>>> print(open('upload-v4.pdb').read())   # PDB, C-alpha atoms and all ligand atoms
ATOM      1  CA  MET A  17      17.224   7.619 -21.305  1.00  0.00           C
ATOM      2  CA  THR A  18      14.019   9.249 -20.021  1.00  0.00           C
ATOM      3  CA  SER A  19      12.691   6.062 -18.449  1.00  0.00           C
ATOM      4  CA  SER A  20      16.024   5.307 -16.745  1.00  0.00           C
ATOM      5  CA  THR A  21      16.104   8.861 -15.280  1.00  0.00           C
ATOM      6  CA  GLY A  22      12.534   8.328 -14.021  1.00  0.00           C
ATOM      7  CA  ALA A  23      13.461   4.938 -12.550  1.00  0.00           C
ATOM      8  CA  ARG A  24      16.500   6.388 -10.767  1.00  0.00           C
ATOM      9  CA  PHE A  25      14.441   9.261  -9.355  1.00  0.00           C
ATOM     10  CA  ALA A  26      11.708   6.858  -8.172  1.00  0.00           C
ATOM     11  CA  PHE A  27      14.266   4.490  -6.652  1.00  0.00           C
ATOM     12  CA  ARG A  28      15.834   7.322  -4.624  1.00  0.00           C
ATOM     13  CA  VAL A  29      12.485   8.746  -3.460  1.00  0.00           C
ATOM     14  CA  GLY A  30      11.131   5.237  -2.775  1.00  0.00           C
ATOM     15  CA  LEU A  31      14.172   4.231  -0.715  1.00  0.00           C
ATOM     16  CA  THR A  32      14.191   7.517   1.238  1.00  0.00           C
ATOM     17  CA  THR A  33      10.471   7.301   2.084  1.00  0.00           C
ATOM     18  CA  LEU A  34      10.858   3.622   3.080  1.00  0.00           C
ATOM     19  CA  CYS A  35      13.730   4.508   5.463  1.00  0.00           C
ATOM     20  CA  LEU A  36      11.759   7.469   6.860  1.00  0.00           C
ATOM     21  CA  ALA A  37       8.739   5.217   7.476  1.00  0.00           C
ATOM     22  CA  LEU A  38      10.932   2.623   9.213  1.00  0.00           C
ATOM     23  CA  ILE A  39      12.790   5.055  11.515  1.00  0.00           C
ATOM     24  CA  PRO A  40       9.897   5.628  14.040  1.00  0.00           C
ATOM     25  CA  ALA A  41       9.281   1.856  14.312  1.00  0.00           C
ATOM     26  CA  LEU A  42      13.001   1.233  14.806  1.00  0.00           C
ATOM     27  CA  VAL A  43      13.242   3.953  17.488  1.00  0.00           C
ATOM     28  CA  VAL A  44      10.236   2.476  19.361  1.00  0.00           C
ATOM     29  CA  TRP A  45      11.681  -1.037  19.068  1.00  0.00           C
ATOM     30  CA  LEU A  46      15.073   0.108  20.409  1.00  0.00           C
ATOM     31  CA  THR A  47      13.837   2.316  23.242  1.00  0.00           C
ATOM     32  CA  THR A  48      10.646   0.769  24.686  1.00  0.00           C
ATOM     33  CA  ASP A  49      11.076  -1.639  27.617  1.00  0.00           C
ATOM     34  CA  TYR A  50       7.516  -2.814  28.029  1.00  0.00           C
ATOM     35  CA  VAL A  51       7.202  -5.524  25.360  1.00  0.00           C
ATOM     36  CA  PRO A  52       3.409  -5.452  24.691  1.00  0.00           C
ATOM     37  CA  LYS A  53       3.519  -1.662  24.273  1.00  0.00           C
ATOM     38  CA  ARG A  54       6.601  -1.916  22.027  1.00  0.00           C
ATOM     39  CA  ASP A  55       5.015  -4.591  19.803  1.00  0.00           C
ATOM     40  CA  LEU A  56       1.753  -2.701  19.498  1.00  0.00           C
ATOM     41  CA  TRP A  57       3.507   0.498  18.420  1.00  0.00           C
ATOM     42  CA  VAL A  58       5.809  -1.265  15.969  1.00  0.00           C
ATOM     43  CA  ALA A  59       2.712  -2.923  14.422  1.00  0.00           C
ATOM     44  CA  ARG A  60       0.767   0.352  14.283  1.00  0.00           C
ATOM     45  CA  LEU A  61       3.677   2.374  12.859  1.00  0.00           C
ATOM     46  CA  THR A  62       4.464  -0.156  10.114  1.00  0.00           C
ATOM     47  CA  GLY A  63       0.703  -0.548   9.412  1.00  0.00           C
ATOM     48  CA  TYR A  64       0.140   3.197   9.057  1.00  0.00           C
ATOM     49  CA  GLY A  65       3.371   3.479   7.063  1.00  0.00           C
ATOM     50  CA  ALA A  66       1.959   0.925   4.594  1.00  0.00           C
ATOM     51  CA  VAL A  67      -1.348   2.824   4.418  1.00  0.00           C
ATOM     52  CA  GLY A  68       0.510   6.098   3.736  1.00  0.00           C
ATOM     53  CA  MET A  69       2.549   4.532   0.907  1.00  0.00           C
ATOM     54  CA  LEU A  70      -0.558   2.910  -0.578  1.00  0.00           C
ATOM     55  CA  CYS A  71      -2.518   6.183  -0.620  1.00  0.00           C
ATOM     56  CA  THR A  72       0.397   8.197  -2.055  1.00  0.00           C
ATOM     57  CA  SER A  73       0.873   5.575  -4.752  1.00  0.00           C
ATOM     58  CA  LEU A  74      -2.846   5.768  -5.606  1.00  0.00           C
ATOM     59  CA  LEU A  75      -2.679   9.585  -5.695  1.00  0.00           C
ATOM     60  CA  CYS A  76      -0.046   9.440  -8.468  1.00  0.00           C
ATOM     61  CA  SER A  77      -2.627   8.089 -10.973  1.00  0.00           C
ATOM     62  CA  PRO A  78      -5.002  11.095 -11.035  1.00  0.00           C
ATOM     63  CA  LEU A  79      -1.971  13.377 -10.958  1.00  0.00           C
ATOM     64  CA  ILE A  80      -0.555  11.699 -14.078  1.00  0.00           C
ATOM     65  CA  GLN A  81      -4.008  11.690 -15.670  1.00  0.00           C
ATOM     66  CA  TRP A  82      -5.013  15.305 -15.101  1.00  0.00           C
ATOM     67  CA  ALA A  83      -1.687  17.130 -15.027  1.00  0.00           C
ATOM     68  CA  GLY A  84       0.287  14.775 -17.263  1.00  0.00           C
ATOM     69  CA  ASN A  85       0.186  16.890 -20.415  1.00  0.00           C
ATOM     70  CA  ARG A  86       1.219  20.028 -18.587  1.00  0.00           C
ATOM     71  CA  MET A  87       4.071  18.330 -16.743  1.00  0.00           C
ATOM     72  CA  GLY A  88       5.929  17.032 -19.766  1.00  0.00           C
ATOM     73  CA  ILE A  89       7.326  13.594 -20.535  1.00  0.00           C
ATOM     74  CA  ILE A  90      10.104  13.597 -17.885  1.00  0.00           C
ATOM     75  CA  TRP A  91       7.776  14.213 -14.943  1.00  0.00           C
ATOM     76  CA  ARG A  92       5.199  11.821 -16.358  1.00  0.00           C
ATOM     77  CA  GLY A  93       7.871   9.091 -16.436  1.00  0.00           C
ATOM     78  CA  ARG A  94       9.031   9.994 -12.940  1.00  0.00           C
ATOM     79  CA  LEU A  95       5.509   9.862 -11.518  1.00  0.00           C
ATOM     80  CA  ASN A  96       4.855   6.519 -13.212  1.00  0.00           C
ATOM     81  CA  ALA A  97       8.018   5.051 -11.716  1.00  0.00           C
ATOM     82  CA  LEU A  98       7.280   6.655  -8.332  1.00  0.00           C
ATOM     83  CA  ARG A  99       3.802   5.090  -8.254  1.00  0.00           C
ATOM     84  CA  ARG A 100       5.462   1.680  -8.627  1.00  0.00           C
ATOM     85  CA  SER A 101       8.117   2.380  -5.942  1.00  0.00           C
ATOM     86  CA  LEU A 102       5.509   3.532  -3.429  1.00  0.00           C
ATOM     87  CA  GLY A 103       3.381   0.444  -4.178  1.00  0.00           C
ATOM     88  CA  ILE A 104       6.447  -1.731  -3.508  1.00  0.00           C
ATOM     89  CA  ASN A 105       7.031   0.137  -0.216  1.00  0.00           C
ATOM     90  CA  ALA A 106       3.388  -0.448   0.786  1.00  0.00           C
ATOM     91  CA  ALA A 107       3.830  -4.199   0.227  1.00  0.00           C
ATOM     92  CA  ILE A 108       7.124  -4.261   2.199  1.00  0.00           C
ATOM     93  CA  LEU A 109       5.708  -2.287   5.148  1.00  0.00           C
ATOM     94  CA  GLY A 110       2.450  -4.286   5.089  1.00  0.00           C
ATOM     95  CA  GLY A 111       4.551  -7.474   5.200  1.00  0.00           C
ATOM     96  CA  LEU A 112       6.601  -6.154   8.145  1.00  0.00           C
ATOM     97  CA  HIS A 113       3.388  -5.174   9.943  1.00  0.00           C
ATOM     98  CA  ALA A 114       1.921  -8.655   9.459  1.00  0.00           C
ATOM     99  CA  LEU A 115       5.223 -10.215  10.557  1.00  0.00           C
ATOM    100  CA  SER A 116       5.361  -8.074  13.691  1.00  0.00           C
ATOM    101  CA  ILE A 117       1.745  -8.963  14.578  1.00  0.00           C
ATOM    102  CA  THR A 118       2.295 -12.681  14.020  1.00  0.00           C
ATOM    103  CA  THR A 119       5.602 -12.932  15.841  1.00  0.00           C
ATOM    104  CA  SER A 120       4.590 -10.808  18.823  1.00  0.00           C
ATOM    105  CA  PHE A 121       0.806 -10.747  19.445  1.00  0.00           C
ATOM    106  CA  TYR A 122       0.190 -14.265  18.180  1.00  0.00           C
ATOM    107  CA  ASP A 123       3.458 -15.757  19.414  1.00  0.00           C
ATOM    108  CA  GLN A 124       4.252 -17.229  15.981  1.00  0.00           C
ATOM    109  CA  ALA A 125       0.985 -19.152  15.812  1.00  0.00           C
ATOM    110  CA  TRP A 126       0.334 -18.620  12.097  1.00  0.00           C
ATOM    111  CA  ARG A 127      -3.104 -20.245  12.325  1.00  0.00           C
ATOM    112  CA  HIS A 128      -4.305 -16.991  13.971  1.00  0.00           C
ATOM    113  CA  LEU A 129      -4.020 -15.353  10.543  1.00  0.00           C
ATOM    114  CA  MET A 130      -7.366 -16.885   9.605  1.00  0.00           C
ATOM    115  CA  ALA A 131      -8.940 -16.474  13.035  1.00  0.00           C
ATOM    116  CA  SER A 132     -10.888 -13.208  12.795  1.00  0.00           C
ATOM    117  CA  PRO A 133     -12.395 -10.907  10.153  1.00  0.00           C
ATOM    118  CA  GLN A 134      -9.687  -8.367  10.987  1.00  0.00           C
ATOM    119  CA  THR A 135      -6.823 -10.756  10.241  1.00  0.00           C
ATOM    120  CA  ARG A 136      -8.612 -12.244   7.192  1.00  0.00           C
ATOM    121  CA  THR A 137      -9.142  -8.827   5.579  1.00  0.00           C
ATOM    122  CA  GLY A 138      -5.533  -7.855   6.379  1.00  0.00           C
ATOM    123  CA  MET A 139      -4.254 -11.144   4.973  1.00  0.00           C
ATOM    124  CA  LEU A 140      -6.220 -10.751   1.726  1.00  0.00           C
ATOM    125  CA  ALA A 141      -5.010  -7.163   1.287  1.00  0.00           C
ATOM    126  CA  LEU A 142      -1.442  -8.320   1.859  1.00  0.00           C
ATOM    127  CA  LEU A 143      -1.812 -11.185  -0.642  1.00  0.00           C
ATOM    128  CA  ILE A 144      -2.968  -8.708  -3.301  1.00  0.00           C
ATOM    129  CA  LEU A 145      -0.088  -6.338  -2.502  1.00  0.00           C
ATOM    130  CA  ALA A 146       2.371  -9.255  -2.701  1.00  0.00           C
ATOM    131  CA  LEU A 147       0.935 -10.341  -6.080  1.00  0.00           C
ATOM    132  CA  LEU A 148       1.256  -6.795  -7.427  1.00  0.00           C
ATOM    133  CA  LEU A 149       4.787  -6.540  -6.025  1.00  0.00           C
ATOM    134  CA  LEU A 150       5.860  -9.710  -7.815  1.00  0.00           C
ATOM    135  CA  THR A 151       4.271  -8.795 -11.124  1.00  0.00           C
ATOM    136  CA  SER A 152       5.732  -5.276 -11.067  1.00  0.00           C
ATOM    137  CA  PHE A 153       9.146  -6.723 -11.998  1.00  0.00           C
ATOM    138  CA  PRO A 154       9.334  -7.057 -15.816  1.00  0.00           C
ATOM    139  CA  PRO A 155      11.316 -10.371 -15.844  1.00  0.00           C
ATOM    140  CA  ILE A 156       8.663 -11.991 -13.599  1.00  0.00           C
ATOM    141  CA  SER A 157       5.691 -10.666 -15.562  1.00  0.00           C
ATOM    142  CA  ARG A 158       7.454 -11.769 -18.787  1.00  0.00           C
ATOM    143  CA  ALA A 159       8.091 -15.254 -17.327  1.00  0.00           C
ATOM    144  CA  LEU A 160       4.410 -15.496 -16.330  1.00  0.00           C
ATOM    145  CA  ARG A 161       3.476 -14.279 -19.843  1.00  0.00           C
ATOM    146  CA  LEU A 162       1.198 -11.636 -18.378  1.00  0.00           C
ATOM    147  CA  GLN A 163      -0.716  -9.754 -21.071  1.00  0.00           C
ATOM    148  CA  THR A 164      -2.970  -7.886 -18.677  1.00  0.00           C
ATOM    149  CA  TRP A 165      -0.483  -6.257 -16.320  1.00  0.00           C
ATOM    150  CA  LYS A 166      -2.367  -2.934 -16.273  1.00  0.00           C
ATOM    151  CA  GLU A 167      -5.730  -4.566 -15.542  1.00  0.00           C
ATOM    152  CA  LEU A 168      -4.180  -6.741 -12.828  1.00  0.00           C
ATOM    153  CA  HIS A 169      -2.735  -3.693 -11.114  1.00  0.00           C
ATOM    154  CA  ARG A 170      -6.209  -2.179 -10.766  1.00  0.00           C
ATOM    155  CA  LEU A 171      -6.546  -4.709  -7.942  1.00  0.00           C
ATOM    156  CA  ILE A 172      -4.695  -2.136  -5.845  1.00  0.00           C
ATOM    157  CA  TYR A 173      -8.086  -0.460  -5.262  1.00  0.00           C
ATOM    158  CA  ALA A 174      -9.464  -3.738  -3.896  1.00  0.00           C
ATOM    159  CA  ALA A 175      -6.431  -3.970  -1.589  1.00  0.00           C
ATOM    160  CA  ALA A 176      -6.981  -0.381  -0.403  1.00  0.00           C
ATOM    161  CA  LEU A 177     -10.681  -1.025   0.337  1.00  0.00           C
ATOM    162  CA  LEU A 178      -9.758  -4.215   2.211  1.00  0.00           C
ATOM    163  CA  VAL A 179      -7.243  -2.232   4.267  1.00  0.00           C
ATOM    164  CA  VAL A 180      -9.960   0.267   5.270  1.00  0.00           C
ATOM    165  CA  TRP A 181     -12.212  -2.652   6.220  1.00  0.00           C
ATOM    166  CA  HIS A 182      -9.314  -4.224   8.156  1.00  0.00           C
ATOM    167  CA  ILE A 183      -8.590  -1.016  10.091  1.00  0.00           C
ATOM    168  CA  ALA A 184     -12.302  -0.509  10.876  1.00  0.00           C
ATOM    169  CA  TYR A 185     -12.121  -3.599  13.139  1.00  0.00           C
ATOM    170  CA  SER A 186      -9.455  -1.997  15.302  1.00  0.00           C
ATOM    171  CA  SER A 187     -10.670  -0.723  18.663  1.00  0.00           C
ATOM    172  CA  ARG A 188      -7.832   1.823  18.708  1.00  0.00           C
ATOM    173  CA  VAL A 189      -8.418   3.518  15.377  1.00  0.00           C
ATOM    174  CA  ALA A 190      -9.380   7.205  15.484  1.00  0.00           C
ATOM    175  CA  ILE A 191     -12.776   7.509  13.759  1.00  0.00           C
ATOM    176  CA  PRO A 192     -11.866  10.748  11.847  1.00  0.00           C
ATOM    177  CA  VAL A 193      -8.761   8.973  10.486  1.00  0.00           C
ATOM    178  CA  LEU A 194     -10.845   5.994   9.377  1.00  0.00           C
ATOM    179  CA  PHE A 195     -13.469   8.167   7.627  1.00  0.00           C
ATOM    180  CA  THR A 196     -10.852  10.375   5.940  1.00  0.00           C
ATOM    181  CA  LEU A 197      -9.051   7.294   4.652  1.00  0.00           C
ATOM    182  CA  ALA A 198     -12.272   5.677   3.417  1.00  0.00           C
ATOM    183  CA  ALA A 199     -13.397   8.916   1.702  1.00  0.00           C
ATOM    184  CA  LEU A 200      -9.986   9.377   0.045  1.00  0.00           C
ATOM    185  CA  ILE A 201      -9.929   5.849  -1.354  1.00  0.00           C
ATOM    186  CA  VAL A 202     -13.533   6.011  -2.615  1.00  0.00           C
ATOM    187  CA  LEU A 203     -12.794   9.383  -4.283  1.00  0.00           C
ATOM    188  CA  LEU A 204      -9.656   8.006  -5.942  1.00  0.00           C
ATOM    189  CA  LEU A 205     -11.569   4.965  -7.166  1.00  0.00           C
ATOM    190  CA  LEU A 206     -14.376   7.154  -8.551  1.00  0.00           C
ATOM    191  CA  SER A 207     -11.853   9.403 -10.296  1.00  0.00           C
ATOM    192  CA  ARG A 208     -10.377   6.312 -12.031  1.00  0.00           C
ATOM    193  CA  ILE A 209     -13.824   5.072 -13.071  1.00  0.00           C
ATOM    194  CA  PHE A 210     -14.757   8.494 -14.522  1.00  0.00           C
ATOM    195  CA  ALA A 211     -11.396   8.747 -16.314  1.00  0.00           C
ATOM    196  CA  PHE A 212     -11.974   5.289 -17.819  1.00  0.00           C
ATOM    197  CA  ILE A 213     -15.517   6.187 -19.004  1.00  0.00           C
ATOM    198  CA  PHE A 214     -14.245   9.488 -20.455  1.00  0.00           C
ATOM    199  CA  GLN A 215     -11.403   7.761 -22.333  1.00  0.00           C
ATOM    200  CA  THR A 216     -13.632   5.045 -23.824  1.00  0.00           C
ATOM    201  CA  ARG A 217     -16.117   7.712 -25.036  1.00  0.00           C
ATOM    202  CA  ILE A 218     -13.311   9.701 -26.686  1.00  0.00           C
ATOM    203  CA  SER A 219     -11.822   6.627 -28.376  1.00  0.00           C
ATOM    204  CA  ARG A 220     -15.287   5.655 -29.760  1.00  0.00           C
ATOM    205  CA  ARG A 221     -15.668   9.034 -31.521  1.00  0.00           C
TER
HETATM  206  C1  LIG B   1      -1.527 -10.871   7.259  1.00  0.00           C
HETATM  207  C2  LIG B   1      -1.884  -9.592   7.201  1.00  0.00           C
HETATM  208  C3  LIG B   1      -2.295  -8.752   8.385  1.00  0.00           C
HETATM  209  C4  LIG B   1      -2.575  -9.089   9.679  1.00  0.00           C
HETATM  210  C5  LIG B   1      -2.560 -10.457  10.321  1.00  0.00           C
HETATM  211  C6  LIG B   1      -2.888  -7.877  10.391  1.00  0.00           C
HETATM  212  C7  LIG B   1      -3.273  -7.809  11.715  1.00  0.00           C
HETATM  213  C8  LIG B   1      -3.595  -6.659  12.392  1.00  0.00           C
HETATM  214  C9  LIG B   1      -4.094  -6.627  13.742  1.00  0.00           C
HETATM  215  C10 LIG B   1      -4.334  -7.831  14.640  1.00  0.00           C
HETATM  216  C11 LIG B   1      -4.264  -5.318  14.057  1.00  0.00           C
HETATM  217  C12 LIG B   1      -4.795  -4.763  15.385  1.00  0.00           C
HETATM  218  C13 LIG B   1      -3.687  -4.342  16.309  1.00  0.00           C
HETATM  219  C14 LIG B   1      -4.318  -3.728  17.543  1.00  0.00           C
HETATM  220  O1  LIG B   1      -4.670  -2.548  17.500  1.00  0.00           O
HETATM  221  O2  LIG B   1      -4.478  -4.445  18.511  1.00  0.00           O
HETATM  222  C15 LIG B   1      -3.890  -4.544  12.921  1.00  0.00           C
HETATM  223  C16 LIG B   1      -3.930  -3.177  12.859  1.00  0.00           C
HETATM  224  C17 LIG B   1      -3.589  -2.438  11.751  1.00  0.00           C
HETATM  225  N1  LIG B   1      -3.291  -2.916  10.497  1.00  0.00           N
HETATM  226 FE1  LIG B   1      -3.023  -4.852  10.029  1.00  0.00          FE
HETATM  227  N2  LIG B   1      -2.757  -6.817   9.526  1.00  0.00           N
HETATM  228  C18 LIG B   1      -2.407  -7.314   8.289  1.00  0.00           C
HETATM  229  C19 LIG B   1      -2.215  -6.589   7.129  1.00  0.00           C
HETATM  230  C20 LIG B   1      -2.267  -5.215   7.048  1.00  0.00           C
HETATM  231  C21 LIG B   1      -1.965  -4.457   5.876  1.00  0.00           C
HETATM  232  C22 LIG B   1      -1.595  -5.057   4.520  1.00  0.00           C
HETATM  233  C23 LIG B   1      -2.081  -3.139   6.228  1.00  0.00           C
HETATM  234  C24 LIG B   1      -1.877  -1.897   5.387  1.00  0.00           C
HETATM  235  C25 LIG B   1      -1.536  -1.853   4.117  1.00  0.00           C
HETATM  236  C26 LIG B   1      -2.460  -3.066   7.624  1.00  0.00           C
HETATM  237  C27 LIG B   1      -2.658  -1.901   8.348  1.00  0.00           C
HETATM  238  C28 LIG B   1      -3.009  -1.848   9.677  1.00  0.00           C
HETATM  239  C29 LIG B   1      -3.129  -0.627  10.444  1.00  0.00           C
HETATM  240  C30 LIG B   1      -2.895   0.787   9.923  1.00  0.00           C
HETATM  241  C31 LIG B   1      -3.496  -0.997  11.742  1.00  0.00           C
HETATM  242  C32 LIG B   1      -3.693  -0.069  12.951  1.00  0.00           C
HETATM  243  C33 LIG B   1      -5.138   0.347  13.169  1.00  0.00           C
HETATM  244  C34 LIG B   1      -5.202   1.110  14.490  1.00  0.00           C
HETATM  245  O3  LIG B   1      -5.199   0.459  15.530  1.00  0.00           O
HETATM  246  O4  LIG B   1      -5.246   2.335  14.475  1.00  0.00           O
HETATM  247  N3  LIG B   1      -2.578  -4.355   8.084  1.00  0.00           N
HETATM  248  N4  LIG B   1      -3.490  -5.379  11.909  1.00  0.00           N
END
>>> encode(input="upload-v4.pdb", output="structure tokens", more="lines below")
Ligand code: HEM
Amino acid sequence: MTSSTGARFAFRVGLTTLCLALIPALVVWLTTDYVPKRDLWVARLTGYGAVGMLCTSLLCSPLIQWAGNRMGIIWRGRLNALRRSLGINAAILGGLHALSITTSFYDQAWRHLMASPQTRTGMLALLILALLLLTSFPPISRALRLQTWKELHRLIYAAALLVVWHIAYSSRVAIPVLFTLAALIVLLLLSRIFAFIFQTRISRR
């Protein structure tokens, strides 16, 4: 009962945020005449949409960790399900971003995906997000007999760091945005490491 309420809540919030993230890209695509400008903005909007979803999904973990007991079981369940929905959105938007880059900038020449450090880091981040997307569906993780689902999903931090690396190659990125993003992801990663150390010390006592 509680988990299905949480799943429904996360589905609604996940779908709404996905639509909201897609609207600016759709408006640009429908209204811009100059094709290179249109393609660049669609790629940037879907790329930043994916980054936003990824960071919000990562922010759910410390929130569950530190405020979980005060929030009660319903909100804990909702946040858990929301973390998954936002991760799925990040993979979808990251995929759309990569698709828009490949079909417009690179004129469908898929070999360009391996051509530069920027595309290689983006590709690796996307592969991780796709792996996490697939294994976040219980029937698939059951079919793959995954025992270490939780550990596998820690790879999301590797994907986030790769995304920062990927964006750092862009000549258009605003430096304050890049540093804020990098600092946020490092802080979130450190908070997870400290939480892990704290928990293992408590369980040893
Ligand atoms: C196969 C995977 C990917 C490829 C080939 C790729 C390729 C690119 C390229 C070529 C650019 C530069 C566009 C330009 O400014 O000229 C770019 C920018 C960007 N990418 Fe990706 N990308 C991939 C995956 C990702 C993923 C997974 C994310 C986020 C989760 C992402 C987020 C971004 C963002 C936010 C920018 C804009 C940076 C800026 O100019 O301000 N990319 N990507």
>>> residues_around(input="upload-v4.pdb", residues="Trp126 of chain A", least_positions_apart="4", cutoff="12 Å", atoms="all atoms listed in the file", output="number ranges by chain")
A: 114-122, 130-131, 135, 139
>>> residues_near_ligand(input="upload-v4.pdb", ligand="ligand LIG 1 (chain B)", cutoff="7 Å", atoms="only C-alpha atoms and all ligand atoms", output="PDB file with C-alpha atoms, in the coordinates of the input")
ATOM      1  CA  LEU A  56       1.753  -2.701  19.498  1.00  0.00           C
ATOM      2  CA  ALA A  59       2.712  -2.923  14.422  1.00  0.00           C
ATOM      3  CA  ARG A  60       0.767   0.352  14.283  1.00  0.00           C
ATOM      4  CA  GLY A  63       0.703  -0.548   9.412  1.00  0.00           C
ATOM      5  CA  TYR A  64       0.140   3.197   9.057  1.00  0.00           C
ATOM      6  CA  ALA A  66       1.959   0.925   4.594  1.00  0.00           C
ATOM      7  CA  VAL A  67      -1.348   2.824   4.418  1.00  0.00           C
ATOM      8  CA  LEU A  70      -0.558   2.910  -0.578  1.00  0.00           C
ATOM      9  CA  ALA A 106       3.388  -0.448   0.786  1.00  0.00           C
ATOM     10  CA  ALA A 107       3.830  -4.199   0.227  1.00  0.00           C
ATOM     11  CA  GLY A 110       2.450  -4.286   5.089  1.00  0.00           C
ATOM     12  CA  GLY A 111       4.551  -7.474   5.200  1.00  0.00           C
ATOM     13  CA  HIS A 113       3.388  -5.174   9.943  1.00  0.00           C
ATOM     14  CA  ALA A 114       1.921  -8.655   9.459  1.00  0.00           C
ATOM     15  CA  ILE A 117       1.745  -8.963  14.578  1.00  0.00           C
ATOM     16  CA  THR A 118       2.295 -12.681  14.020  1.00  0.00           C
ATOM     17  CA  LEU A 129      -4.020 -15.353  10.543  1.00  0.00           C
ATOM     18  CA  GLN A 134      -9.687  -8.367  10.987  1.00  0.00           C
ATOM     19  CA  THR A 135      -6.823 -10.756  10.241  1.00  0.00           C
ATOM     20  CA  GLY A 138      -5.533  -7.855   6.379  1.00  0.00           C
ATOM     21  CA  MET A 139      -4.254 -11.144   4.973  1.00  0.00           C
ATOM     22  CA  ALA A 141      -5.010  -7.163   1.287  1.00  0.00           C
ATOM     23  CA  LEU A 142      -1.442  -8.320   1.859  1.00  0.00           C
ATOM     24  CA  VAL A 179      -7.243  -2.232   4.267  1.00  0.00           C
ATOM     25  CA  HIS A 182      -9.314  -4.224   8.156  1.00  0.00           C
ATOM     26  CA  ILE A 183      -8.590  -1.016  10.091  1.00  0.00           C
ATOM     27  CA  SER A 186      -9.455  -1.997  15.302  1.00  0.00           C
ATOM     28  CA  SER A 187     -10.670  -0.723  18.663  1.00  0.00           C
ATOM     29  CA  ARG A 188      -7.832   1.823  18.708  1.00  0.00           C
ATOM     30  CA  VAL A 189      -8.418   3.518  15.377  1.00  0.00           C
ATOM     31  CA  ALA A 190      -9.380   7.205  15.484  1.00  0.00           C
TER      32      ALA A 190
END
>>> residues_around(input="upload-v4.pdb", residues="segment 24-30 of chain A", least_positions_apart="6", cutoff="8 Å", atoms="all atoms listed in the file", output="PyMOL selection string")
chain A and resi 94-95+97-98+101-102+105
>>> resolve_selection(input="upload-v4.pdb", expression="the PyMOL selection byres (((chain A and resi 174-177) around 8) and not hetatm)", output="list in words")
Leu70, Cys71, Leu140, Ala141, Leu142, Ile144, Leu145, Arg170, Leu171, Ile172, Tyr173, Leu178, Val179, Val180, Trp181, Ala198 and Ile201 of chain A
>>> atom_distance(input="upload-v4.pdb", atom1="atom CA of Ile213 of chain A", atom2="atom CA of Leu150 of chain A")
28.9 Å
>>> closest_residue(input="upload-v4.pdb", among="A:Thr62, A:Thr33, A:Gln81, A:Thr48", to="Arg208 of chain A", atoms="only C-alpha atoms")
A:Gln81
>>> atom_distance(input="upload-v4.pdb", atom1="atom CA of Thr47 of chain A", atom2="atom CA of Thr32 of chain A")
22.6 Å
>>> atom_distance(input="upload-v4.pdb", atom1="atom CA of Ser152 of chain A", atom2="atom CA of Gly22 of chain A")
15.5 Å
>>> residues_around(input="upload-v4.pdb", residues="Val44 of chain A", least_positions_apart="3", cutoff="8 Å", atoms="all atoms listed in the file", output="PyMOL selection string")
chain A and resi 40-41+47-48+54+57-58
>>> closest_residue(input="upload-v4.pdb", among="A:Ile104, A:Tyr185, A:Leu197, A:Ala23", to="Arg136 of chain A", atoms="all atoms listed in the file")
A:Tyr185
